[in-house]
Amino acid sequence: MTMKKLIALCALLGLTTMAQGQPTYLNPKAPVEERVKDALRRMTLHEKIQMLHAQSKFTSAGVPRLGIRQLNMDDGPHGVRAELEWNSWSPAKWTNDSVVAFPSLTCLAATWNRNLSREYGNAVSEEFAFRGKDIMLGPGSTIARTPLCGRNFEYTGEDPYLAGEIVTPYIQGAQQNGVACCLKHFFLNNQEIERFKVNVVASERTINEIYLPAFKKAVQKGGLWTIMGSYNLWLNTHCCQHDSLLNGILKRQWGFDGAVVSDWGGVNDTWQAATGGCDIEMGSFTDGFTKDADFGYNDYFMADKMEKLVKEGKLPMAVVDDKAARVLRTIFRTAMNPDKVIGKQCSEDHYDVCRRIGEEGIVLLKNAGRNPMLPLDTMTSRRILVVGENATRSLTEGGGSSELKTLFDITPLDAIRKAFGNHSTIDYAQGYYSGRAMYGHQEKLDPARQQSLMKEAIDKAGNADLIIYIGGLNKNAMQDCESNDRESYDLSFGQNELISQLAAVQPQMVVVTFGGNAYATPWIDKVQALVHCWYLGSMSGTALANVLTGTVNPSGKLPVTFARNYEDYPYVKYGAEAYPGVKLQNPSHLTGDFEVSYKEGIYVGYRHFDTRRVKPQFAFGHGLSYTTFAYGKPTISGRTVSLTITNTGSRAGKETVQFYVGDMKASIDRPAKELKGFEKVELQPGQTTTVSYTIADEDLQFYNESTHSWCAEPGRFRIYVGASSADIRGSVDFVL
C-alpha cells in the first residue's frame, strides 16, 4: 500500500499518521473549539461517560488512550487545600503542600478594590498551578442573607452589584494563568442548616434582582470556565441537577460554555443529572465527614447508570456529547493549555499580596473622641495588655473545605510585640477559650476554665495603661464554618461580658474582632475604638499592626450591614418559615423535607434598613479613616455624574465613593436606593481628584414578574453619592 493510500485510509477511519502530524486535539495552537470537536469524534461512549464523574476525591478522568489529561481540582478560594489521599478525606501528609493563606473573600469585598481582586486571583491561582491543579473550587458570590450563615466568610457580602464587581476580576486574574475558577454555589445556598435538603422558595423578582446578578456577571463579564451547583433545592429540584437553572438560565440565557461541577454529594438521581445540566459529578455517596461507602466510582449516577440509558436509547447521545464537550473545553483551557503558568508557592510577592489585601480590607468601625485613640503611637511608653484568644489562635484552621495548611502565620500578638516592644511592655491574657476547630461538632467547654481565664484578664487589666482586645468569631463549628450556622448573633464564649468588664476597669481599650459575619455590639458605647478584620490569612498580625499603628491608613468599607439587634434583620419577623425553615410532611428523596421562604423578597441588607428606616449599628459601605475627605457637589452631564473629592486631612489615604440609584416614583415597590457604582481613589493630603459614574440602562431597571423581563419606567431617578449607604454626601436627579 502506498503512503498516499495509507493516509487516505487513516483519514477515512478517523485516525492520523506521523506524516499528517498531530491530531488537532493535541495541537496546542489550534483553536479550542476545533480541538474539542476533533477529540469528541475520536472518543467512545464509555470514554465520554468516564469524563463526567469523579475518579478520586478531587479528580475526574481524562482519556489516556488519546493522551487527554485528567482534571485536578482542589478547594479554595483562599488558598490550595492540603493534599488528601486519593480516595479518602484523610490528609496525604505531604511535606511540600504548605501554602499562603490569603484573606477571606469577605475581607476582599471589604477592600472595594477591583485591582486588588485581580491581584488576588492571579496570586492564588499561581499556587494552584504550582501544585498541579486545574480547577480552583472558588470564589464564592452567594449573597449574605443572614449574618448567621456559617459560610458567609467565603462569600462577598450582601449586595449583588458589589459581589459581581469583586469576583469578576478575581476570576479574570486566575484564569489568565490557565487555572479555572469554579464559582460557588449556584445558587440560593444562603444557609448551612439543612443544606442538603432545604427547598428555597423565592419570588421570580427576588432571584433575578438579588441572587442571580453576581453569577451572571461572573459568567458574561468574567468569562467563567466552571461553576459549582449548590446542595439546596429550588422549585423542589436539587440545584446540581436543575434543568431550568443550569440549562435554561445558565447555559441558554447567559451563554455559559463551561462545565457545571456538582458540589460533593450534590447529585441525587441519574435522569435528573443527565437531563438537568450537570457536567461533572463529584463526591457522591460519601457522608462528607469521615469515610466512603463501599462502592466504586462507576456506581455514580452519571457513570454506568447513565451509559446504560444511552445504550437503551432512552437518553440521546447529544446530551452526552454536550457534557463531554464542556469537559474537554475545560481540559484544553487548563490541563492541556500550553500557556498555563508553572506557578509558584509561598513566594515573597504572594505574601505581599496577602498583606496588602488584609490591610485594605480591615474596617475601622469606631474611633471616638475629640482626640481619637487610633492610630496608636509606637513611641509612647506604656503598659499594654493584649486580651483575647484570637491574638494567638491560628485562624487559617477550621471552617470546613477552606481550611488551609500554611507554611507560617504571623499572629496579632507577635506583630504587636514587634511594633510596640521597644518602648512599651506587652502582657497577654487569653480571656476566654473556644476549643478545637472540629468539623461538624463543637468541643465541650469547661465553665470553670472559662471563668478563670476571664478573671485573669480582668485582674491584669488593672495594671494596664491600654488594652488591645482581640476576639470575635473563629472557624469552629457553629461559628464561621461549613455545615453549620451560628447559634446566636452575639459573640460566643462570654465575650460580651468580658469586653464590658475590661472596659469598666480600663476604658482606654481598642476592640479588634475577626470573623466573616456581622455581630451584636452591646458594649459599643463603653469602648473607644472598634476594628473589624474578617480573616486576614498568613500575614494577619502584620496587616493588623500596620493599621493600628497608622503605618497603613484604614480604608476598608463594610460589604454587609451590622444591625443593632438581630431582630432588625428583615427576615426575622417572618419567623421560622423565613429562617431556618420548617420541616415538610411526606417528602421524597428528590424533593427534600425542609423548606425556607424568602418572605422579605428583595429587601436584603441595606435595602431593608434604608427603605424601612431601621437604623443599623454600622451601615453597609461604612468605614472610617485616619484622614478626612471632602465631597464636592455632584453634577450631571448627560448620563455621567461627576464630583470632586479632596483629602482634607494630614495623612495619605484611600476613599471609596459610592453611587446609589433611587427611583423617585415607580409603579411597584422599590428600595429607596441601590448600589450601582463605586470608585476607590488614593489621595495625598490636600490632593483633589474627580470621580465619575455613568448611568447604564440596567442601573434603572427592575424585574417585572408580569412580563418576565427587565424594564425601566420613564420618570425621575435620584443618584446618591455617599461614603456609605447611610452617609450620603450629595445627590443629583436624572430623568429617563
# chains A, B, ... in the order shown; residues from 1 in each chain; ligands from 1
$ residues_around --residues "A:Pro375" --least-positions-apart "3" --cutoff "8 Å" --atoms "only C-alpha atoms" --output "list in words"
Pro372, Val547, Leu548, Thr549, Gly550 and Tyr626 of chain A
$ select_by_dssp --residues "stretch 243-354 of chain A" --states "alpha helix (DSSP H)" --output "VMD selection string"
chain A and resid 270 to 275 304 to 311 317 to 333 348 to 354
$ residues_around --residues "A:Gln220" --least-positions-apart "4" --cutoff "10 Å" --atoms "only C-alpha atoms" --output "PDB file with N, CA and C atoms, in the first residue's frame"
ATOM      1  N   THR A 168     -15.515  39.184  39.666  1.00  0.00           N
ATOM      2  CA  THR A 168     -15.171  39.178  38.236  1.00  0.00           C
ATOM      3  C   THR A 168     -13.673  39.366  37.983  1.00  0.00           C
ATOM      4  N   PHE A 215     -23.658  36.045  39.778  1.00  0.00           N
ATOM      5  CA  PHE A 215     -23.297  34.881  38.971  1.00  0.00           C
ATOM      6  C   PHE A 215     -23.309  35.237  37.487  1.00  0.00           C
ATOM      7  N   LYS A 216     -24.329  35.983  37.081  1.00  0.00           N
ATOM      8  CA  LYS A 216     -24.434  36.364  35.665  1.00  0.00           C
ATOM      9  C   LYS A 216     -23.236  37.197  35.234  1.00  0.00           C
ATOM     10  N   LEU A 224     -16.207  33.090  33.015  1.00  0.00           N
ATOM     11  CA  LEU A 224     -16.068  31.946  33.912  1.00  0.00           C
ATOM     12  C   LEU A 224     -16.012  30.622  33.151  1.00  0.00           C
ATOM     13  N   TRP A 254     -27.618  32.823  29.490  1.00  0.00           N
ATOM     14  CA  TRP A 254     -26.368  33.537  29.742  1.00  0.00           C
ATOM     15  C   TRP A 254     -25.245  33.140  28.785  1.00  0.00           C
ATOM     16  N   GLY A 255     -25.414  32.044  28.066  1.00  0.00           N
ATOM     17  CA  GLY A 255     -24.390  31.629  27.126  1.00  0.00           C
ATOM     18  C   GLY A 255     -23.172  30.985  27.755  1.00  0.00           C
ATOM     19  N   PHE A 256     -23.304  30.401  28.925  1.00  0.00           N
ATOM     20  CA  PHE A 256     -22.183  29.739  29.597  1.00  0.00           C
ATOM     21  C   PHE A 256     -21.741  28.519  28.798  1.00  0.00           C
TER      22      PHE A 256
END
$ residues_around --residues "A:Thr689" --least-positions-apart "5" --cutoff "7 Å" --atoms "only C-alpha atoms" --output "list in words"
Thr644, Ile645 and Thr646 of chain A
$ closest_residue --among "A:Gly462, A:Gly266, A:Gly638, A:Gly471" --to "A:Thr237" --atoms "only C-alpha atoms"
A:Gly266
$ residues_around --residues "stretch 377-388 of chain A" --least-positions-apart "5" --cutoff "9 Å" --atoms "only C-alpha atoms" --output "PyMOL selection string"
chain A and resi 413+416+419-433+457+460-461+463-472+495+548-550
$ closest_residue --among "A:Ser347, A:Gln701, A:Ser540, A:Thr648" --to "A:Ile668" --atoms "only C-alpha atoms"
A:Gln701
$ closest_residue --among "A:Lys673, A:Asp568, A:Thr635, A:Gly283" --to "A:Asp610" --atoms "only C-alpha atoms"
A:Lys673
$ closest_atom_pairs --of "stretch 173-273 of chain A" --to "stretch 127-145 of chain A" --cutoff "9 Å" --atoms "only C-alpha atoms" --output "tab-separated table"
residue	atom	partner	partner_atom	distance
A:Ala174	CA	A:Met136	CA	8.9
A:Asn177	CA	A:Ala129	CA	7.9
A:Gly178	CA	A:Asp134	CA	7.4
A:Val179	CA	A:Asp134	CA	5.0
A:Ala180	CA	A:Ile135	CA	4.6
A:Cys181	CA	A:Met136	CA	5.1
A:Cys182	CA	A:Leu137	CA	4.8
A:Leu183	CA	A:Gly138	CA	5.0
A:Lys184	CA	A:Gly140	CA	4.5
A:His185	CA	A:Thr142	CA	6.4
A:Phe186	CA	A:Thr142	CA	7.7
A:Phe187	CA	A:Thr142	CA	7.0
A:Leu188	CA	A:Thr142	CA	7.0
A:Asn189	CA	A:Thr142	CA	6.7
A:Asn190	CA	A:Arg145	CA	6.1
A:Gln191	CA	A:Arg145	CA	8.2
A:Ile210	CA	A:Ile143	CA	7.7
A:Tyr211	CA	A:Ile143	CA	6.5
A:Leu212	CA	A:Thr142	CA	8.9
A:Ala214	CA	A:Ser141	CA	6.3
A:Phe215	CA	A:Ser141	CA	6.8
A:Ala218	CA	A:Ser141	CA	9.0
A:Thr226	CA	A:Ile135	CA	8.0
A:Ile227	CA	A:Leu137	CA	8.5
A:Met228	CA	A:Leu137	CA	7.8
$ write_last_selection --atoms "N, CA, C and O atoms" --output "short mmCIF file (atom, residue, chain, number, x, y, z; two decimals), in the first residue's frame"
data_model
loop_
_atom_site.label_atom_id
_atom_site.label_comp_id
_atom_site.auth_asym_id
_atom_site.auth_seq_id
_atom_site.Cartn_x
_atom_site.Cartn_y
_atom_site.Cartn_z
N ALA A 174 -7.25 34.90 37.79
CA ALA A 174 -6.90 33.49 37.97
C ALA A 174 -6.85 32.75 36.64
O ALA A 174 -5.90 32.01 36.35
N ASN A 177 -4.03 32.56 34.03
CA ASN A 177 -2.92 31.65 34.31
C ASN A 177 -3.23 30.20 33.95
O ASN A 177 -2.43 29.31 34.24
N GLY A 178 -4.39 29.95 33.34
CA GLY A 178 -4.74 28.60 32.94
C GLY A 178 -5.33 27.77 34.06
O GLY A 178 -5.35 26.54 33.98
N VAL A 179 -5.81 28.41 35.11
CA VAL A 179 -6.49 27.73 36.21
C VAL A 179 -7.94 28.17 36.19
O VAL A 179 -8.23 29.37 36.26
N ALA A 180 -8.86 27.22 36.09
CA ALA A 180 -10.28 27.55 36.03
C ALA A 180 -10.81 27.89 37.42
O ALA A 180 -10.48 27.21 38.40
N CYS A 181 -11.61 28.93 37.49
CA CYS A 181 -12.38 29.19 38.71
C CYS A 181 -13.69 28.42 38.62
O CYS A 181 -14.29 28.32 37.56
N CYS A 182 -14.10 27.87 39.75
CA CYS A 182 -15.38 27.17 39.84
C CYS A 182 -16.23 27.94 40.84
O CYS A 182 -16.15 27.72 42.05
N LEU A 183 -17.02 28.89 40.33
CA LEU A 183 -17.76 29.82 41.16
C LEU A 183 -18.79 29.07 42.02
O LEU A 183 -19.52 28.22 41.52
N LYS A 184 -18.87 29.43 43.30
CA LYS A 184 -19.74 28.73 44.25
C LYS A 184 -20.78 29.70 44.81
O LYS A 184 -20.54 30.90 44.88
N HIS A 185 -21.88 29.18 45.29
CA HIS A 185 -22.53 27.90 44.99
C HIS A 185 -23.82 28.28 44.28
O HIS A 185 -24.59 29.06 44.82
N PHE A 186 -24.05 27.75 43.11
CA PHE A 186 -25.12 28.18 42.22
C PHE A 186 -26.39 27.36 42.47
O PHE A 186 -26.47 26.22 42.04
N PHE A 187 -27.43 27.93 43.11
CA PHE A 187 -27.47 29.21 43.79
C PHE A 187 -28.39 29.09 45.00
O PHE A 187 -28.89 28.00 45.29
N LEU A 188 -28.65 30.17 45.74
CA LEU A 188 -29.54 30.20 46.91
C LEU A 188 -29.01 29.37 48.08
O LEU A 188 -29.77 28.94 48.94
N ASN A 189 -27.69 29.17 48.13
CA ASN A 189 -27.08 28.45 49.26
C ASN A 189 -26.78 29.46 50.36
O ASN A 189 -25.63 29.68 50.73
N ASN A 190 -27.84 30.07 50.90
CA ASN A 190 -27.68 31.17 51.84
C ASN A 190 -27.72 30.74 53.30
O ASN A 190 -27.74 31.58 54.19
N GLN A 191 -27.75 29.45 53.54
CA GLN A 191 -27.66 28.92 54.89
C GLN A 191 -27.05 27.54 54.83
O GLN A 191 -27.13 26.85 53.81
N ILE A 210 -31.66 39.88 43.22
CA ILE A 210 -30.73 39.72 44.33
C ILE A 210 -29.78 38.54 44.16
O ILE A 210 -28.57 38.68 44.33
N TYR A 211 -30.28 37.38 43.79
CA TYR A 211 -29.48 36.16 43.92
C TYR A 211 -28.82 35.66 42.63
O TYR A 211 -27.95 34.80 42.69
N LEU A 212 -29.21 36.19 41.48
CA LEU A 212 -28.58 35.78 40.22
C LEU A 212 -27.57 36.76 39.64
O LEU A 212 -26.64 36.33 38.94
N ALA A 214 -24.84 38.49 40.45
CA ALA A 214 -23.38 38.32 40.61
C ALA A 214 -22.89 37.13 39.80
O ALA A 214 -21.82 37.18 39.18
N PHE A 215 -23.66 36.04 39.78
CA PHE A 215 -23.30 34.88 38.97
C PHE A 215 -23.31 35.24 37.49
O PHE A 215 -22.42 34.84 36.73
N ALA A 218 -20.27 37.21 36.54
CA ALA A 218 -19.08 36.35 36.51
C ALA A 218 -19.01 35.54 35.22
O ALA A 218 -17.93 35.32 34.67
N THR A 226 -15.83 27.30 34.88
CA THR A 226 -16.61 26.24 35.55
C THR A 226 -17.42 26.87 36.68
O THR A 226 -17.07 27.94 37.20
N ILE A 227 -18.48 26.20 37.05
CA ILE A 227 -19.36 26.69 38.12
C ILE A 227 -19.84 25.50 38.93
O ILE A 227 -20.02 24.40 38.38
N MET A 228 -20.03 25.69 40.23
CA MET A 228 -20.45 24.60 41.11
C MET A 228 -21.91 24.75 41.51
O MET A 228 -22.31 25.81 42.00
#
$ closest_residue --among "A:Val219, A:Leu245, A:Cys481, A:Met454" --to "A:Glu154" --atoms "only C-alpha atoms"
A:Cys481
$ closest_residue --among "A:Gln70, A:Gln55, A:Thr411, A:Ser692" --to "A:Ala543" --atoms "only C-alpha atoms"
A:Thr411
$ atom_distance --atom1 "atom CA of A:Glu83" --atom2 "atom CA of A:Arg65"
27.1 Å
$ decode --residues "stretch 235-256 of chain A" --atoms "N, CA and C atoms" --output "short mmCIF file (atom, residue, chain, number, x, y, z; two decimals), in the first residue's frame"
data_model
loop_
_atom_site.label_atom_id
_atom_site.label_comp_id
_atom_site.auth_asym_id
_atom_site.auth_seq_id
_atom_site.Cartn_x
_atom_site.Cartn_y
_atom_site.Cartn_z
N LEU A 235 -37.47 25.33 43.50
CA LEU A 235 -38.62 24.78 42.78
C LEU A 235 -38.68 23.26 42.93
N ASN A 236 -38.33 22.81 44.14
CA ASN A 236 -38.38 21.38 44.51
C ASN A 236 -37.44 20.51 43.69
N THR A 237 -36.37 21.08 43.17
CA THR A 237 -35.37 20.31 42.43
C THR A 237 -33.99 20.71 42.91
N HIS A 238 -33.13 19.71 43.14
CA HIS A 238 -31.77 20.00 43.58
C HIS A 238 -31.04 20.83 42.52
N CYS A 239 -30.33 21.86 42.98
CA CYS A 239 -29.70 22.80 42.05
C CYS A 239 -28.57 22.18 41.25
N CYS A 240 -28.01 21.06 41.69
CA CYS A 240 -26.94 20.41 40.92
C CYS A 240 -27.49 19.62 39.74
N GLN A 241 -28.80 19.50 39.62
CA GLN A 241 -29.39 18.72 38.54
C GLN A 241 -30.71 19.38 38.10
N HIS A 242 -30.63 20.70 37.89
CA HIS A 242 -31.82 21.52 37.71
C HIS A 242 -31.88 22.04 36.28
N ASP A 243 -32.75 21.48 35.48
CA ASP A 243 -32.83 21.83 34.06
C ASP A 243 -33.09 23.32 33.85
N SER A 244 -34.07 23.89 34.54
CA SER A 244 -34.41 25.30 34.34
C SER A 244 -33.27 26.21 34.74
N LEU A 245 -32.56 25.86 35.80
CA LEU A 245 -31.47 26.67 36.29
C LEU A 245 -30.22 26.52 35.44
N LEU A 246 -29.77 25.27 35.26
CA LEU A 246 -28.48 25.02 34.62
C LEU A 246 -28.55 25.08 33.10
N ASN A 247 -29.55 24.46 32.52
CA ASN A 247 -29.68 24.52 31.06
C ASN A 247 -30.39 25.80 30.61
N GLY A 248 -31.48 26.13 31.32
CA GLY A 248 -32.28 27.28 30.89
C GLY A 248 -31.61 28.61 31.14
N ILE A 249 -31.31 28.92 32.39
CA ILE A 249 -30.75 30.23 32.73
C ILE A 249 -29.26 30.29 32.41
N LEU A 250 -28.49 29.36 32.97
CA LEU A 250 -27.03 29.44 32.88
C LEU A 250 -26.52 29.25 31.45
N LYS A 251 -26.93 28.18 30.80
CA LYS A 251 -26.33 27.83 29.51
C LYS A 251 -27.01 28.51 28.33
N ARG A 252 -28.34 28.54 28.33
CA ARG A 252 -29.02 29.13 27.17
C ARG A 252 -29.14 30.65 27.29
N GLN A 253 -29.66 31.14 28.42
CA GLN A 253 -29.85 32.59 28.56
C GLN A 253 -28.53 33.34 28.67
N TRP A 254 -27.62 32.82 29.49
CA TRP A 254 -26.37 33.54 29.74
C TRP A 254 -25.25 33.14 28.78
N GLY A 255 -25.41 32.04 28.07
CA GLY A 255 -24.39 31.63 27.13
C GLY A 255 -23.17 30.98 27.75
N PHE A 256 -23.30 30.40 28.93
CA PHE A 256 -22.18 29.74 29.60
C PHE A 256 -21.74 28.52 28.80
#
